[in-house]
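Enquirer: Below: one structure in structure tokens.
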Amino acid sequence: MISIKGLSKIFNTDAHNQVTAVDNITLTINEGDIFGFIGYSGAGKSTFVRLLNRLEEPTEGQITINNQEISSLKTKGLRLARQEIGMIFQHFNLLWSRTVKENITFPLEISGVPKTERDDRVQELINLVGLAGKENAYPSQLSGGQKQRVGIARALANKPKVLLCDEATSALDPETTNSILDLLVDINNKLGLTIILITHEMHVIRKICNRVAVMESGKIVEQGNVLDVFLKPKQDVTRKFVEQVMGSNEEEEDLQQLIQSYKHGTIIRLHFVGETTNQALISQVAKKFNIDINILQGKITQTQAGAYGSLFVQMDGDQTEIKQAIQYIEKETSVELEVVQHVN
Amino acid sequence: MLTDLFPNINLEDFWVATYETFYMTIIALIGTFILGILLGLLLYLTTKNGIWQNKFVHFVVAAFVNIFRAIPFIILILLLFPFTNFLMGTIRGPNGALPALIIGAAPFYGRLVEIALREVDKGVVEAAKAMGAKTSTIIFKVLLPESMPALISGLTVTAIALIGYTAMAGAIGAGGLGSYAYYSGFQRRDFDIVLICSIIIVIIVFIFQFIGDYIANKLDKR
């Protein structure tokens, strides 16, 4: 769908100084992906997304979207290609002089859609993003979340295959962020749109992305399926981002003390990785085997690919029952299990 | 009553003078608006990192604007006499004043246009580019509408400067209230005429200011 080869962007800050904002990125993005790029400010992610529709001219490298090589297009070809790439922005960038309806009509005017077809299309989009009743409001009369909905409707007007999101939720409060993210997932499902989003919030990645790339000083230092990256972060910077949503290792140290204080039973760590079928595991095991299960500590979070996280439990009761229960979890379910401590 | 307070006023001359002032101001304002928008757009678009970045064009336009803004208006009229004669076929009367009025006011307005355009949110221009807009679309559907309140306020300021210019032009034969005040009033020591002309010009200025403010406010949806 989208393939990027050796993409670089070097800014000449003055005659002698150069800043490499994007450094030799090679990457493939599949159709229907929600691909997240995460990094701290200055990591080059914003420059990267702007290179994709050539709001910034690449210094080097090749960008192919939908079998069309964006990086070699001339002015007119580029304009036509851009009409098929939607983009939304951190600060929405709506025209204040136009109403909601007129803002959404704007890209249709640009692509030359006949007047008679515009109104239907605009109404369809207004309903899709949930702004019915606000057609004639001006952007200054809308909240941040509503403005971003207009931005999304505007970006979708020309039925693009790709949607670029440049920190689209960074100016919004957490609750509004969630509603906008839900909307993005919704249009990803409904329209089969490929979404590329950049953010500095791991929460955003966790909630809607299926693939993620971590950026640091212009390079992609780690990429893969969101779950894999959550589960086995290789780089320090990735670990920090994962801690944003999962808590840090300090909590596990506290746990060691907790474990020491249990004088009987077996303490087990259950690891959920993309679980969708075994979420009722604890009650299943408790029903099947004659043991008590005591939940000590844990953190489970939901990602697009299912639940992810770990749970510390204490199993108490008959030794053989406990062994059977452990065997059952290991063999019959996909939950990973680790015996932390065995007392008795 | 008017004749008691202002015994020397010839009503017919007075109305003709007022009409000429309005005529010169409005026609010159239209010319200034068109030429000023053109100059302002050129300055904005050819500037460094602008859409049509072009050092040479920018330098030429900026030089034109700066030179004609530097010349005092009364001297500009004299300087432009040959040009005016060529263009209008006369150097007298309201029509003879128009070229100098427009060339005197347009560079000033052009700078105000440039400032107004620079105030347009760069993100919005970028969004239009990302949608695949042509430069002409960006100019007519983004830059000009988004800066319209500032363009109108700038035009109001320019209109008031123009009214001043018409009075100055009047003193060297262009007609209008300035001419009436100078020739019929001052030179004949009929100071009531100077006074009534001043009052009318102040009222005209207030009217322009009021209309300008009203339109600018009405257009501003921010």
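Simple scheme: letters A, B, ... for chains in structure tokens order, numbers from 1 for residues in each chain, numbers from 1 for ligands in the order shown.
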Which residues of chain B are close to chain A, meaning at most 10 Å apart when you count only C-alpha atoms, and how do they look as a list of chain:residue names?

Expert: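 Result: B:Val120, B:Asp121, B:Lys122, B:Gly123, B:Val124, B:Val125, B:Glu126, B:Ala127, B:Ala128, B:Lys129, B:Ala130, B:Met131, B:Gly132, B:Ala133, B:Lys134, B:Thr137, B:Ile138, B:Lys141, B:Val142, B:Leu143, B:Pro145, B:Glu146, B:Ser147, B:Met148, B:Pro149, B:Leu219, B:Asp220, B:Lys221, B:Arg222.
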
Enquirer: Selected residues, N, CA, C and O atoms, written as an mmCIF file, in the first residue's frame, please.

Expert:
```cif
data_model
loop_
_atom_site.group_PDB
_atom_site.id
_atom_site.type_symbol
_atom_site.label_atom_id
_atom_site.label_comp_id
_atom_site.auth_asym_id
_atom_site.auth_seq_id
_atom_site.Cartn_x
_atom_site.Cartn_y
_atom_site.Cartn_z
ATOM 1 N N VAL B 120 -2.649 35.589 8.186
ATOM 2 C CA VAL B 120 -3.447 34.381 7.907
ATOM 3 C C VAL B 120 -2.687 33.165 8.441
ATOM 4 O O VAL B 120 -1.481 33.030 8.219
ATOM 5 N N ASP B 121 -3.403 32.327 9.161
ATOM 6 C CA ASP B 121 -2.820 31.135 9.773
ATOM 7 C C ASP B 121 -2.099 30.282 8.710
ATOM 8 O O ASP B 121 -2.713 29.841 7.748
ATOM 9 N N LYS B 122 -0.796 30.055 8.911
ATOM 10 C CA LYS B 122 -0.031 29.266 7.937
ATOM 11 C C LYS B 122 -0.559 27.845 7.846
ATOM 12 O O LYS B 122 -0.508 27.218 6.794
ATOM 13 N N GLY B 123 -1.088 27.356 8.960
ATOM 14 C CA GLY B 123 -1.635 26.008 8.976
ATOM 15 C C GLY B 123 -2.785 25.848 7.999
ATOM 16 O O GLY B 123 -2.949 24.800 7.385
ATOM 17 N N VAL B 124 -3.589 26.900 7.860
ATOM 18 C CA VAL B 124 -4.742 26.825 6.963
ATOM 19 C C VAL B 124 -4.269 26.775 5.505
ATOM 20 O O VAL B 124 -4.795 26.013 4.695
ATOM 21 N N VAL B 125 -3.237 27.576 5.203
ATOM 22 C CA VAL B 125 -2.676 27.551 3.849
ATOM 23 C C VAL B 125 -2.112 26.160 3.570
ATOM 24 O O VAL B 125 -2.303 25.583 2.495
ATOM 25 N N GLU B 126 -1.451 25.608 4.591
ATOM 26 C CA GLU B 126 -0.868 24.277 4.448
ATOM 27 C C GLU B 126 -1.961 23.225 4.245
ATOM 28 O O GLU B 126 -1.822 22.324 3.416
ATOM 29 N N ALA B 127 -3.055 23.366 4.987
ATOM 30 C CA ALA B 127 -4.163 22.413 4.837
ATOM 31 C C ALA B 127 -4.691 22.452 3.402
ATOM 32 O O ALA B 127 -4.958 21.409 2.811
ATOM 33 N N ALA B 128 -4.810 23.664 2.848
ATOM 34 C CA ALA B 128 -5.292 23.786 1.472
ATOM 35 C C ALA B 128 -4.312 23.122 0.504
ATOM 36 O O ALA B 128 -4.715 22.426 -0.426
ATOM 37 N N LYS B 129 -3.016 23.306 0.759
ATOM 38 C CA LYS B 129 -2.010 22.637 -0.085
ATOM 39 C C LYS B 129 -2.160 21.126 0.019
ATOM 40 O O LYS B 129 -2.097 20.416 -0.984
ATOM 41 N N ALA B 130 -2.360 20.642 1.247
ATOM 42 C CA ALA B 130 -2.476 19.199 1.457
ATOM 43 C C ALA B 130 -3.713 18.636 0.766
ATOM 44 O O ALA B 130 -3.773 17.453 0.473
ATOM 45 N N MET B 131 -4.715 19.495 0.518
ATOM 46 C CA MET B 131 -5.900 19.033 -0.202
ATOM 47 C C MET B 131 -5.693 19.072 -1.704
ATOM 48 O O MET B 131 -6.580 18.699 -2.466
ATOM 49 N N GLY B 132 -4.534 19.587 -2.138
ATOM 50 C CA GLY B 132 -4.246 19.641 -3.565
ATOM 51 C C GLY B 132 -4.758 20.900 -4.242
ATOM 52 O O GLY B 132 -5.092 20.878 -5.426
ATOM 53 N N ALA B 133 -4.826 22.015 -3.500
ATOM 54 C CA ALA B 133 -5.339 23.258 -4.080
ATOM 55 C C ALA B 133 -4.299 23.909 -4.990
ATOM 56 O O ALA B 133 -3.107 23.847 -4.733
ATOM 57 N N LYS B 134 -4.802 24.549 -6.075
ATOM 58 C CA LYS B 134 -3.932 25.352 -6.930
ATOM 59 C C LYS B 134 -3.598 26.646 -6.204
ATOM 60 O O LYS B 134 -4.336 27.069 -5.319
ATOM 61 N N THR B 137 -6.496 28.993 -6.239
ATOM 62 C CA THR B 137 -7.506 28.633 -5.246
ATOM 63 C C THR B 137 -7.082 29.111 -3.866
ATOM 64 O O THR B 137 -7.884 29.624 -3.094
ATOM 65 N N ILE B 138 -5.788 28.924 -3.564
ATOM 66 C CA ILE B 138 -5.291 29.354 -2.251
ATOM 67 C C ILE B 138 -5.464 30.864 -2.097
ATOM 68 O O ILE B 138 -5.890 31.347 -1.049
ATOM 69 N N LYS B 141 -9.594 31.599 -2.331
ATOM 70 C CA LYS B 141 -10.508 30.933 -1.404
ATOM 71 C C LYS B 141 -9.944 30.816 0.005
ATOM 72 O O LYS B 141 -10.668 30.452 0.929
ATOM 73 N N VAL B 142 -8.650 31.072 0.160
ATOM 74 C CA VAL B 142 -8.085 31.014 1.509
ATOM 75 C C VAL B 142 -7.534 32.374 1.922
ATOM 76 O O VAL B 142 -8.044 33.003 2.847
ATOM 77 N N LEU B 143 -6.505 32.847 1.216
ATOM 78 C CA LEU B 143 -5.797 34.055 1.667
ATOM 79 C C LEU B 143 -6.722 35.267 1.751
ATOM 80 O O LEU B 143 -6.786 35.939 2.787
ATOM 81 N N PRO B 145 -10.264 35.596 1.590
ATOM 82 C CA PRO B 145 -11.380 35.531 2.546
ATOM 83 C C PRO B 145 -10.916 35.531 4.009
ATOM 84 O O PRO B 145 -11.533 36.165 4.851
ATOM 85 N N GLU B 146 -9.811 34.814 4.289
ATOM 86 C CA GLU B 146 -9.371 34.708 5.681
ATOM 87 C C GLU B 146 -8.782 36.020 6.203
ATOM 88 O O GLU B 146 -8.663 36.213 7.404
ATOM 89 N N SER B 147 -8.354 36.912 5.289
ATOM 90 C CA SER B 147 -7.790 38.175 5.759
ATOM 91 C C SER B 147 -8.757 39.333 5.542
ATOM 92 O O SER B 147 -8.414 40.483 5.767
ATOM 93 N N MET B 148 -9.991 39.023 5.104
ATOM 94 C CA MET B 148 -10.929 40.075 4.695
ATOM 95 C C MET B 148 -11.165 41.158 5.754
ATOM 96 O O MET B 148 -11.118 42.353 5.418
ATOM 97 N N PRO B 149 -11.401 40.832 7.029
ATOM 98 C CA PRO B 149 -11.620 41.922 7.996
ATOM 99 C C PRO B 149 -10.429 42.888 8.047
ATOM 100 O O PRO B 149 -10.625 44.103 8.074
ATOM 101 N N LEU B 219 -17.911 40.812 8.942
ATOM 102 C CA LEU B 219 -17.227 39.724 8.251
ATOM 103 C C LEU B 219 -16.452 38.820 9.203
ATOM 104 O O LEU B 219 -16.139 37.689 8.880
ATOM 105 N N ASP B 220 -16.141 39.350 10.374
ATOM 106 C CA ASP B 220 -15.251 38.613 11.271
ATOM 107 C C ASP B 220 -16.009 37.558 12.061
ATOM 108 O O ASP B 220 -16.786 37.878 12.944
ATOM 109 N N LYS B 221 -15.780 36.291 11.704
ATOM 110 C CA LYS B 221 -16.479 35.201 12.391
ATOM 111 C C LYS B 221 -15.577 34.501 13.394
ATOM 112 O O LYS B 221 -15.863 33.402 13.830
ATOM 113 N N ARG B 222 -14.451 35.120 13.711
ATOM 114 C CA ARG B 222 -13.515 34.475 14.636
ATOM 115 C C ARG B 222 -14.009 34.527 16.070
ATOM 116 O O ARG B 222 -14.702 35.454 16.445
#
```

Enquirer: Quick one: residues within 12 Å of Glu12 in chain B, only C-alpha atoms counted, chain neighbours fewer than 6 positions away excluded, as a list in words?

Expert: Thr18, Tyr19 and Tyr180 of chain B

Enquirer: I need the residues from that last selection saved to file as a short mmCIF file (atom, residue, chain, number, x, y, z; two decimals), in the first residue's frame (with C-alpha atoms), if you can.

Expert:
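Everything below was put into again34.cif:
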```cif
data_model
loop_
_atom_site.label_atom_id
_atom_site.label_comp_id
_atom_site.auth_asym_id
_atom_site.auth_seq_id
_atom_site.Cartn_x
_atom_site.Cartn_y
_atom_site.Cartn_z
CA THR B 18 -18.80 67.84 -2.12
CA TYR B 19 -19.76 65.68 -5.06
CA TYR B 180 -13.45 75.21 -2.72
#
```

Enquirer: Name the residues in contact with Gly31 in chain B at a cut-off of 9 Å, using only C-alpha atoms, excluding same-chain residues fewer than 5 positions from it; report them as a VMD selection string.

Expert: chain B and resid 26 36 98 to 99 102 to 103 106

Enquirer: Create the file for the chosen residues now, containing N, CA, C and O atoms and written as a PDB file, in the first residue's frame.

Expert:
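Output file selection-v6.pdb is given in full below:
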```pdb
ATOM      1  N   ILE B  26     -14.004  57.893  -4.007  1.00  0.00           N
ATOM      2  CA  ILE B  26     -14.536  56.554  -4.280  1.00  0.00           C
ATOM      3  C   ILE B  26     -13.852  55.908  -5.477  1.00  0.00           C
ATOM      4  O   ILE B  26     -13.429  54.744  -5.400  1.00  0.00           O
ATOM      5  N   GLY B  36      -3.610  47.854  -4.820  1.00  0.00           N
ATOM      6  CA  GLY B  36      -3.019  47.537  -3.516  1.00  0.00           C
ATOM      7  C   GLY B  36      -3.041  46.043  -3.229  1.00  0.00           C
ATOM      8  O   GLY B  36      -2.068  45.467  -2.744  1.00  0.00           O
ATOM      9  N   LEU B  98      -6.990  61.618 -10.322  1.00  0.00           N
ATOM     10  CA  LEU B  98      -7.108  60.183 -10.024  1.00  0.00           C
ATOM     11  C   LEU B  98      -5.795  59.387 -10.099  1.00  0.00           C
ATOM     12  O   LEU B  98      -5.481  58.650  -9.173  1.00  0.00           O
ATOM     13  N   PRO B  99      -4.995  59.518 -11.196  1.00  0.00           N
ATOM     14  CA  PRO B  99      -3.766  58.718 -11.242  1.00  0.00           C
ATOM     15  C   PRO B  99      -2.855  58.960 -10.038  1.00  0.00           C
ATOM     16  O   PRO B  99      -2.354  58.005  -9.422  1.00  0.00           O
ATOM     17  N   ILE B 102      -4.328  57.366  -6.872  1.00  0.00           N
ATOM     18  CA  ILE B 102      -4.186  55.894  -6.819  1.00  0.00           C
ATOM     19  C   ILE B 102      -2.726  55.508  -6.608  1.00  0.00           C
ATOM     20  O   ILE B 102      -2.407  54.652  -5.757  1.00  0.00           O
ATOM     21  N   ILE B 103      -1.830  56.141  -7.341  1.00  0.00           N
ATOM     22  CA  ILE B 103      -0.422  55.766  -7.205  1.00  0.00           C
ATOM     23  C   ILE B 103       0.136  56.204  -5.844  1.00  0.00           C
ATOM     24  O   ILE B 103       1.016  55.570  -5.284  1.00  0.00           O
ATOM     25  N   ALA B 106      -1.999  53.454  -3.290  1.00  0.00           N
ATOM     26  CA  ALA B 106      -1.901  51.999  -3.465  1.00  0.00           C
ATOM     27  C   ALA B 106      -0.681  51.365  -2.770  1.00  0.00           C
ATOM     28  O   ALA B 106      -0.819  50.308  -2.159  1.00  0.00           O
TER      29      ALA B 106
END
```

Enquirer: If we count only C-alpha atoms and set the cut-off at 10 Å, which residues sit around Trp15 in chain B, ignoring sequence neighbours fewer than 6 positions away in its own chain? Please answer as a PyMOL selection string.

Expert: chain B and resi 21+176-177

Enquirer: Write out as a list in words all residues of range 211-272 of chain A that backbone DSSP assigns to strand (DSSP E).

Expert: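 DSSP-assigned strand (DSSP E) residues in range 211-272 of chain A: Arg211, Val212, Ala213, Val214, Met215, Glu216, Lys219, Ile220, Val221, Glu222, Gln223, Gly224, Asn225, Thr266, Ile267, Ile268, Arg269, Leu270, His271 and Phe272 of chain A.
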
Enquirer: Just to be explicit: take each residue in the selection above, keep N, CA and C atoms, and write the result as an mmCIF file, in the first residue's frame.

Expert:
```
data_model
loop_
_atom_site.group_PDB
_atom_site.id
_atom_site.type_symbol
_atom_site.label_atom_id
_atom_site.label_comp_id
_atom_site.auth_asym_id
_atom_site.auth_seq_id
_atom_site.Cartn_x
_atom_site.Cartn_y
_atom_site.Cartn_z
ATOM 1 N N ARG A 211 -0.112 -1.425 14.295
ATOM 2 C CA ARG A 211 1.343 -1.452 14.182
ATOM 3 C C ARG A 211 1.916 -0.131 14.663
ATOM 4 N N VAL A 212 3.136 -0.207 15.133
ATOM 5 C CA VAL A 212 3.752 0.978 15.716
ATOM 6 C C VAL A 212 5.222 1.059 15.312
ATOM 7 N N ALA A 213 5.697 2.279 15.136
ATOM 8 C CA ALA A 213 7.124 2.504 14.954
ATOM 9 C C ALA A 213 7.545 3.556 15.969
ATOM 10 N N VAL A 214 8.662 3.310 16.623
ATOM 11 C CA VAL A 214 9.165 4.255 17.612
ATOM 12 C C VAL A 214 10.280 5.059 16.966
ATOM 13 N N MET A 215 10.183 6.377 17.042
ATOM 14 C CA MET A 215 11.179 7.227 16.394
ATOM 15 C C MET A 215 12.037 7.950 17.424
ATOM 16 N N GLU A 216 13.319 8.033 17.104
ATOM 17 C CA GLU A 216 14.234 8.794 17.946
ATOM 18 C C GLU A 216 15.291 9.405 17.034
ATOM 19 N N LYS A 219 15.342 8.547 13.276
ATOM 20 C CA LYS A 219 15.378 7.141 12.850
ATOM 21 C C LYS A 219 14.244 6.358 13.495
ATOM 22 N N ILE A 220 13.869 5.263 12.835
ATOM 23 C CA ILE A 220 12.938 4.339 13.476
ATOM 24 C C ILE A 220 13.772 3.343 14.273
ATOM 25 N N VAL A 221 13.660 3.372 15.585
ATOM 26 C CA VAL A 221 14.512 2.505 16.399
ATOM 27 C C VAL A 221 13.848 1.168 16.683
ATOM 28 N N GLU A 222 12.532 1.113 16.491
ATOM 29 C CA GLU A 222 11.848 -0.140 16.780
ATOM 30 C C GLU A 222 10.497 -0.105 16.085
ATOM 31 N N GLN A 223 10.107 -1.205 15.504
ATOM 32 C CA GLN A 223 8.767 -1.247 14.917
ATOM 33 C C GLN A 223 8.216 -2.649 14.921
ATOM 34 N N GLY A 224 6.915 -2.781 14.828
ATOM 35 C CA GLY A 224 6.289 -4.092 14.798
ATOM 36 C C GLY A 224 4.831 -4.003 15.188
ATOM 37 N N ASN A 225 4.237 -5.177 15.458
ATOM 38 C CA ASN A 225 2.868 -5.191 15.947
ATOM 39 C C ASN A 225 2.831 -4.561 17.325
ATOM 40 N N THR A 266 0.717 -21.198 46.131
ATOM 41 C CA THR A 266 1.640 -20.998 45.012
ATOM 42 C C THR A 266 1.337 -19.651 44.376
ATOM 43 N N ILE A 267 2.390 -18.872 44.194
ATOM 44 C CA ILE A 267 2.176 -17.570 43.566
ATOM 45 C C ILE A 267 2.549 -17.647 42.093
ATOM 46 N N ILE A 268 1.624 -17.211 41.290
ATOM 47 C CA ILE A 268 1.751 -17.403 39.839
ATOM 48 C C ILE A 268 1.568 -16.077 39.129
ATOM 49 N N ARG A 269 2.354 -15.911 38.083
ATOM 50 C CA ARG A 269 2.167 -14.717 37.234
ATOM 51 C C ARG A 269 1.529 -15.163 35.920
ATOM 52 N N LEU A 270 0.403 -14.578 35.620
ATOM 53 C CA LEU A 270 -0.273 -14.901 34.367
ATOM 54 C C LEU A 270 -0.031 -13.765 33.391
ATOM 55 N N HIS A 271 0.404 -14.131 32.200
ATOM 56 C CA HIS A 271 0.706 -13.107 31.207
ATOM 57 C C HIS A 271 -0.311 -13.158 30.081
ATOM 58 N N PHE A 272 -1.053 -12.098 29.927
ATOM 59 C CA PHE A 272 -2.049 -12.047 28.853
ATOM 60 C C PHE A 272 -1.446 -11.308 27.669
#
```

Enquirer: Can you tell me, as a PyMOL selection string, which residues in chain B count as alpha helix (DSSP H) by DSSP?

Expert: chain B and resi 2-5+11-46+55-70+73-79+81-88+93-118+122-130+135-137+144-169+176-179+191-219

Enquirer: Show which residues sit within 9 Å of Ile208 in chain A, as a list in words. Count only C-alpha atoms, and ignore same-chain residues fewer than 3 positions away.

Expert: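 In the requested form, the answer reads Ile34, Phe35, Gly36, Leu181, Asp182, Leu184, Val185, His203, Val204, Ile205, Thr303 and Gln304 of chain A.
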
Enquirer: Considering only C-alpha atoms, return as a PyMOL selection string whatever protein or nucleic-acid residues lie within 12 Å of Thr47 in chain B, sequence-local ones (same chain, fewer than 3 positions apart) excluded.

Expert: chain B and resi 40-44+50-62+114+117-118

Enquirer: Write the residues of the preceding selection, restricted to N, CA and C atoms, as a PDB file, in the first residue's frame.

Expert:
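Printed below is result.pdb as written:
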```
ATOM      1  N   GLY B  40       0.189  43.901  -2.631  1.00  0.00           N
ATOM      2  CA  GLY B  40       0.288  43.158  -1.365  1.00  0.00           C
ATOM      3  C   GLY B  40       0.470  41.671  -1.616  1.00  0.00           C
ATOM      4  N   LEU B  41      -0.320  41.131  -2.564  1.00  0.00           N
ATOM      5  CA  LEU B  41      -0.197  39.711  -2.891  1.00  0.00           C
ATOM      6  C   LEU B  41       1.195  39.397  -3.429  1.00  0.00           C
ATOM      7  N   LEU B  42       1.677  40.266  -4.331  1.00  0.00           N
ATOM      8  CA  LEU B  42       3.013  40.044  -4.903  1.00  0.00           C
ATOM      9  C   LEU B  42       4.066  40.054  -3.807  1.00  0.00           C
ATOM     10  N   LEU B  43       3.961  41.028  -2.897  1.00  0.00           N
ATOM     11  CA  LEU B  43       4.929  41.096  -1.794  1.00  0.00           C
ATOM     12  C   LEU B  43       4.872  39.826  -0.948  1.00  0.00           C
ATOM     13  N   TYR B  44       3.632  39.399  -0.650  1.00  0.00           N
ATOM     14  CA  TYR B  44       3.458  38.230   0.218  1.00  0.00           C
ATOM     15  C   TYR B  44       3.928  36.937  -0.461  1.00  0.00           C
ATOM     16  N   GLY B  50       7.937  31.970   0.479  1.00  0.00           N
ATOM     17  CA  GLY B  50       6.565  32.165   0.017  1.00  0.00           C
ATOM     18  C   GLY B  50       6.239  31.181  -1.092  1.00  0.00           C
ATOM     19  N   ILE B  51       4.983  31.245  -1.550  1.00  0.00           N
ATOM     20  CA  ILE B  51       4.528  30.276  -2.552  1.00  0.00           C
ATOM     21  C   ILE B  51       5.266  30.492  -3.886  1.00  0.00           C
ATOM     22  N   TRP B  52       5.497  31.775  -4.252  1.00  0.00           N
ATOM     23  CA  TRP B  52       6.232  32.068  -5.488  1.00  0.00           C
ATOM     24  C   TRP B  52       7.577  32.687  -5.167  1.00  0.00           C
ATOM     25  N   GLN B  53       8.217  32.216  -4.147  1.00  0.00           N
ATOM     26  CA  GLN B  53       9.499  32.798  -3.712  1.00  0.00           C
ATOM     27  C   GLN B  53      10.326  33.276  -4.911  1.00  0.00           C
ATOM     28  N   ASN B  54      10.615  34.590  -4.959  1.00  0.00           N
ATOM     29  CA  ASN B  54      11.368  35.153  -6.076  1.00  0.00           C
ATOM     30  C   ASN B  54      12.017  36.458  -5.616  1.00  0.00           C
ATOM     31  N   LYS B  55      13.317  36.385  -5.398  1.00  0.00           N
ATOM     32  CA  LYS B  55      14.040  37.526  -4.839  1.00  0.00           C
ATOM     33  C   LYS B  55      13.917  38.762  -5.713  1.00  0.00           C
ATOM     34  N   PHE B  56      14.060  38.562  -7.038  1.00  0.00           N
ATOM     35  CA  PHE B  56      14.105  39.697  -7.951  1.00  0.00           C
ATOM     36  C   PHE B  56      12.767  40.447  -7.965  1.00  0.00           C
ATOM     37  N   VAL B  57      11.665  39.680  -8.192  1.00  0.00           N
ATOM     38  CA  VAL B  57      10.338  40.304  -8.240  1.00  0.00           C
ATOM     39  C   VAL B  57      10.041  41.002  -6.912  1.00  0.00           C
ATOM     40  N   HIS B  58      10.383  40.325  -5.816  1.00  0.00           N
ATOM     41  CA  HIS B  58      10.122  40.909  -4.507  1.00  0.00           C
ATOM     42  C   HIS B  58      10.864  42.237  -4.355  1.00  0.00           C
ATOM     43  N   PHE B  59      12.105  42.240  -4.804  1.00  0.00           N
ATOM     44  CA  PHE B  59      12.918  43.462  -4.695  1.00  0.00           C
ATOM     45  C   PHE B  59      12.307  44.598  -5.508  1.00  0.00           C
ATOM     46  N   VAL B  60      11.882  44.285  -6.737  1.00  0.00           N
ATOM     47  CA  VAL B  60      11.316  45.321  -7.616  1.00  0.00           C
ATOM     48  C   VAL B  60      10.025  45.883  -7.023  1.00  0.00           C
ATOM     49  N   VAL B  61       9.139  44.985  -6.582  1.00  0.00           N
ATOM     50  CA  VAL B  61       7.858  45.443  -6.031  1.00  0.00           C
ATOM     51  C   VAL B  61       8.082  46.244  -4.750  1.00  0.00           C
ATOM     52  N   ALA B  62       8.978  45.734  -3.891  1.00  0.00           N
ATOM     53  CA  ALA B  62       9.248  46.427  -2.627  1.00  0.00           C
ATOM     54  C   ALA B  62       9.839  47.808  -2.905  1.00  0.00           C
ATOM     55  N   GLU B 114      -0.195  43.295   2.663  1.00  0.00           N
ATOM     56  CA  GLU B 114       0.861  42.320   2.964  1.00  0.00           C
ATOM     57  C   GLU B 114       0.804  41.903   4.434  1.00  0.00           C
ATOM     58  N   LEU B 117      -2.159  39.646   5.039  1.00  0.00           N
ATOM     59  CA  LEU B 117      -1.968  38.282   4.512  1.00  0.00           C
ATOM     60  C   LEU B 117      -1.040  37.481   5.412  1.00  0.00           C
ATOM     61  N   ARG B 118      -0.034  38.160   5.957  1.00  0.00           N
ATOM     62  CA  ARG B 118       0.889  37.440   6.844  1.00  0.00           C
ATOM     63  C   ARG B 118       0.205  36.962   8.111  1.00  0.00           C
TER      64      ARG B 118
END
```

Enquirer: Provide the CA of Phe230 in chain A to CA of Val273 in chain A distance in Å, to one decimal place.

Expert: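 Computing it gives 9.3 Å between the two atoms.
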
Enquirer: Please, what distance in Å, to one decimal, runs between CA of Ala174 in chain B and CA of Pro7 in chain B?

Expert: 24.9 Å

Enquirer: Do a neighbour search on range 283-299 of chain A at 7 Å with only C-alpha atoms, toss out local chain neighbours closer than 6 positions, and write the hits as a list in words.

Expert: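 In the requested format, the answer is Gly309, Ser310, Leu311, Phe312, Val313, Gln314, Met315, Asp316, Gly317, Asp318, Glu321, Ile322 and Ala325 of chain A.
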